[in-house]
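Chemist: Have a look at this one before I ask anything.
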Amino acid sequence: MTIIAELPPGFADKVLSAQSTFRSVMDAMARPGSVQRIVPMAGAPGMMMRGTAAIALTLFDHDTPLWLDARLSESSDVTKWLKFHTGAPVVQDSSIAAFALVSDGGALPPLERFALGSSEYPDRSTTVIIQVDSLTAGRSFELRGPGIDGVAALQASIKPFDLFERLRMNEALFPRGIDVVLVADDAVVAIPRTIRVVSKGS
């Protein structure tokens, strides 16, 4: 049985840290492809990056159904930490999740399995948060769409390798669709549903 004291801590200053993290995520959404830093650090359970933990502490609560990939859901450290610090209910059915946490992008399920929103409530879709190896090195990508002046460049090492091809389904679904947040340690990049990403040179 886990004693509360054994769980990694949350934010030292809940209000200021949550405000700062929220601002970083909003800046990432407003400027797709730009790498934002999450400054406030929280203790993170194993397999969860510091940036992911900060986002969880900021955005998750008892009203946000949460889906975890197999690696995270099988970790009692992760599930107990999330329950204690956020109260977010963990669901098995990805189609009702407000957020999805993915530690192993290589095992990302088909995006159609997540909530895609409705025409009346397009915001009732799943925001998929994927932990990746790097947001400053790796393959080069070009992003186009709202919030980008011309073209934005992104270098990233991510799985699944075909993530951006999979996200092209958003074009046909708009205004419904999936928003993605990529996290590498304390760095975060947002790919809203309105953005088109292509490999440079493709």
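Naming scheme: A, B, ... for chains in displayed order of the structure tokens; residues 1 onward per chain; ligands 1 onward as shown.
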Name the residues in contact with A:Thr64 at a cut-off of 10 Å, using only C-alpha atoms, excluding same-chain residues fewer than 4 positions from it; report them as a ChimeraX atom specification.
Modeler: /A:59-60,86-91,96-99
Chemist: Running DSSP on the backbone, which parts of stretch 43-151 of chain A land in alpha helix (DSSP H), as an mmCIF file with N, CA and C atoms, in the first residue's frame?
Modeler:
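For reference, selection_33.cif as written:
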data_model
loop_
_atom_site.group_PDB
_atom_site.id
_atom_site.type_symbol
_atom_site.label_atom_id
_atom_site.label_comp_id
_atom_site.auth_asym_id
_atom_site.auth_seq_id
_atom_site.Cartn_x
_atom_site.Cartn_y
_atom_site.Cartn_z
ATOM 1 N N ARG A 50 8.560 15.483 -16.783
ATOM 2 C CA ARG A 50 8.242 16.624 -15.909
ATOM 3 C C ARG A 50 7.199 17.545 -16.533
ATOM 4 N N GLY A 51 7.320 17.775 -17.842
ATOM 5 C CA GLY A 51 6.340 18.622 -18.512
ATOM 6 C C GLY A 51 4.952 18.005 -18.499
ATOM 7 N N THR A 52 4.888 16.688 -18.702
ATOM 8 C CA THR A 52 3.601 15.989 -18.674
ATOM 9 C C THR A 52 2.969 16.108 -17.297
ATOM 10 N N ALA A 53 3.781 15.941 -16.246
ATOM 11 C CA ALA A 53 3.265 16.035 -14.885
ATOM 12 C C ALA A 53 2.712 17.431 -14.613
ATOM 13 N N ALA A 54 3.425 18.466 -15.069
ATOM 14 C CA ALA A 54 2.968 19.840 -14.853
ATOM 15 C C ALA A 54 1.654 20.095 -15.589
ATOM 16 N N ILE A 55 1.531 19.582 -16.819
ATOM 17 C CA ILE A 55 0.283 19.736 -17.576
ATOM 18 C C ILE A 55 -0.859 19.018 -16.861
ATOM 19 N N ALA A 56 -0.577 17.824 -16.355
ATOM 20 C CA ALA A 56 -1.610 17.068 -15.639
ATOM 21 C C ALA A 56 -2.096 17.842 -14.415
ATOM 22 N N LEU A 57 -1.179 18.392 -13.661
ATOM 23 C CA LEU A 57 -1.547 19.149 -12.455
ATOM 24 C C LEU A 57 -2.346 20.399 -12.796
ATOM 25 N N THR A 58 -2.143 20.931 -13.997
ATOM 26 C CA THR A 58 -2.792 22.181 -14.402
ATOM 27 C C THR A 58 -4.151 21.965 -15.056
ATOM 28 N N LEU A 59 -4.264 20.945 -15.912
ATOM 29 C CA LEU A 59 -5.461 20.789 -16.740
ATOM 30 C C LEU A 59 -6.415 19.686 -16.288
ATOM 31 N N ALA A 70 -0.988 1.717 -22.283
ATOM 32 C CA ALA A 70 -0.744 0.509 -21.488
ATOM 33 C C ALA A 70 0.393 0.693 -20.494
ATOM 34 N N ARG A 71 1.482 1.309 -20.924
ATOM 35 C CA ARG A 71 2.638 1.462 -20.026
ATOM 36 C C ARG A 71 2.284 2.288 -18.804
ATOM 37 N N LEU A 72 1.529 3.376 -19.012
ATOM 38 C CA LEU A 72 1.176 4.235 -17.882
ATOM 39 C C LEU A 72 0.097 3.601 -17.009
ATOM 40 N N SER A 73 -0.895 2.976 -17.646
ATOM 41 C CA SER A 73 -1.997 2.409 -16.854
ATOM 42 C C SER A 73 -1.541 1.231 -16.006
ATOM 43 N N SER A 76 1.418 1.505 -11.138
ATOM 44 C CA SER A 76 0.643 1.960 -9.977
ATOM 45 C C SER A 76 1.161 3.308 -9.477
ATOM 46 N N ASP A 77 2.461 3.586 -9.686
ATOM 47 C CA ASP A 77 3.011 4.889 -9.278
ATOM 48 C C ASP A 77 2.299 6.019 -10.020
ATOM 49 N N VAL A 78 2.102 5.817 -11.323
ATOM 50 C CA VAL A 78 1.463 6.842 -12.147
ATOM 51 C C VAL A 78 -0.006 7.001 -11.776
ATOM 52 N N THR A 79 -0.735 5.893 -11.702
ATOM 53 C CA THR A 79 -2.178 5.984 -11.444
ATOM 54 C C THR A 79 -2.467 6.549 -10.061
ATOM 55 N N LYS A 80 -1.678 6.155 -9.066
ATOM 56 C CA LYS A 80 -1.890 6.689 -7.712
ATOM 57 C C LYS A 80 -1.550 8.175 -7.648
ATOM 58 N N TRP A 81 -0.475 8.576 -8.342
ATOM 59 C CA TRP A 81 -0.074 9.993 -8.345
ATOM 60 C C TRP A 81 -1.162 10.837 -9.008
ATOM 61 N N LEU A 82 -1.658 10.385 -10.140
ATOM 62 C CA LEU A 82 -2.707 11.131 -10.843
ATOM 63 C C LEU A 82 -3.968 11.230 -10.002
ATOM 64 N N LYS A 83 -4.357 10.124 -9.369
ATOM 65 C CA LYS A 83 -5.573 10.119 -8.551
ATOM 66 C C LYS A 83 -5.428 11.077 -7.380
ATOM 67 N N PHE A 84 -4.279 11.035 -6.709
ATOM 68 C CA PHE A 84 -4.075 11.872 -5.525
ATOM 69 C C PHE A 84 -3.992 13.352 -5.880
ATOM 70 N N HIS A 85 -3.224 13.681 -6.943
ATOM 71 C CA HIS A 85 -2.966 15.090 -7.248
ATOM 72 C C HIS A 85 -4.023 15.744 -8.144
ATOM 73 N N THR A 86 -4.732 14.953 -8.949
ATOM 74 C CA THR A 86 -5.676 15.568 -9.895
ATOM 75 C C THR A 86 -7.118 15.114 -9.700
#
Chemist: Closest to A:Ala30 among A:Glu165, A:Asp186, A:Asp149, A:Glu74, using only C-alpha atoms?
Modeler: A:Asp149
Chemist: Looking at A:Gly145, A:Ala190, A:Leu163, A:His62, which one is nearest to A:Arg37, with distances taken over only C-alpha atoms?
Modeler: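 Looking at the shortest contact to A:Arg37, the residue is A:Ala190.
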Chemist: Do a neighbour search on A:Lys159 at 7 Å with only C-alpha atoms, toss out local chain neighbours closer than 5 positions, and write the hits as a list in words.
Modeler: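 Those residues are Gly105, Gly106 and Val132 of chain A.
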Chemist: Mind dumping the selected residues with N, CA, C and O atoms as a tab-separated table (two decimals), in the first residue's frame?
Modeler:
chain	number	residue	atom	x	y	z
A	105	GLY	N	4.66	6.34	-27.91
A	105	GLY	CA	4.00	6.73	-29.15
A	105	GLY	C	3.95	5.62	-30.18
A	105	GLY	O	3.05	5.58	-31.02
A	106	GLY	N	4.89	4.69	-30.10
A	106	GLY	CA	4.90	3.58	-31.04
A	106	GLY	C	3.68	2.69	-30.91
A	106	GLY	O	3.32	1.96	-31.83
A	132	VAL	N	7.65	12.45	-26.29
A	132	VAL	CA	8.54	12.16	-27.42
A	132	VAL	C	9.99	12.31	-26.99
A	132	VAL	O	10.29	12.84	-25.92
Chemist: Could you work out how far atom CA of A:Met49 lies from atom CA of A:Asp133, giving the answer in Å with one decimal?
Modeler: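 A separation of 10.5 Å between them.
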Chemist: From a DSSP pass on the backbone, collect the residues of stretch 78-133 of chain A flagged as strand (DSSP E or B) and hand them back as a PyMOL selection string.
Modeler: chain A and resi 90+99-102+116+125+127-131
Chemist: I need the residue nearest A:Val25 from this list: A:Tyr121, A:Asp69, A:Leu182, A:Arg193. Use only C-alpha atoms for the distance.
Modeler: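 Using only C-alpha atoms, the shortest distance to A:Val25 belongs to A:Leu182.
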Chemist: So which residues touch A:Met169 within 10 Å, counting only C-alpha atoms, skipping near sequence neighbours fewer than 5 positions away, as a PDB file with C-alpha atoms, in the first residue's frame?
Modeler:
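As a result, around.pdb now contains:
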ATOM      1  CA  LEU A 111      -6.843   8.285 -33.592  1.00  0.00           C
ATOM      2  CA  GLU A 112     -10.408   7.431 -34.612  1.00  0.00           C
ATOM      3  CA  PHE A 164       1.413  13.774 -38.872  1.00  0.00           C
ATOM      4  CA  PHE A 174     -13.156  20.083 -39.178  1.00  0.00           C
ATOM      5  CA  GLY A 177     -10.855  16.588 -34.712  1.00  0.00           C
ATOM      6  CA  ILE A 178      -7.932  15.759 -32.471  1.00  0.00           C
ATOM      7  CA  ARG A 193      -6.449  20.255 -35.440  1.00  0.00           C
TER       8      ARG A 193
END
Chemist: Quick check, in Å to one decimal: how far apart do atom CA of A:Ala184 and atom CA of A:Ser134 lie?
Modeler: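 Taking atom CA of A:Ala184 and atom CA of A:Ser134, their separation equals 5.4 Å.
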Chemist: For A:Pro9, please output as a PyMOL selection string all residues within 7 Å (counting only C-alpha atoms; exclusion window: fewer than 2 positions along the same chain).
Modeler: chain A and resi 7+11+42-43
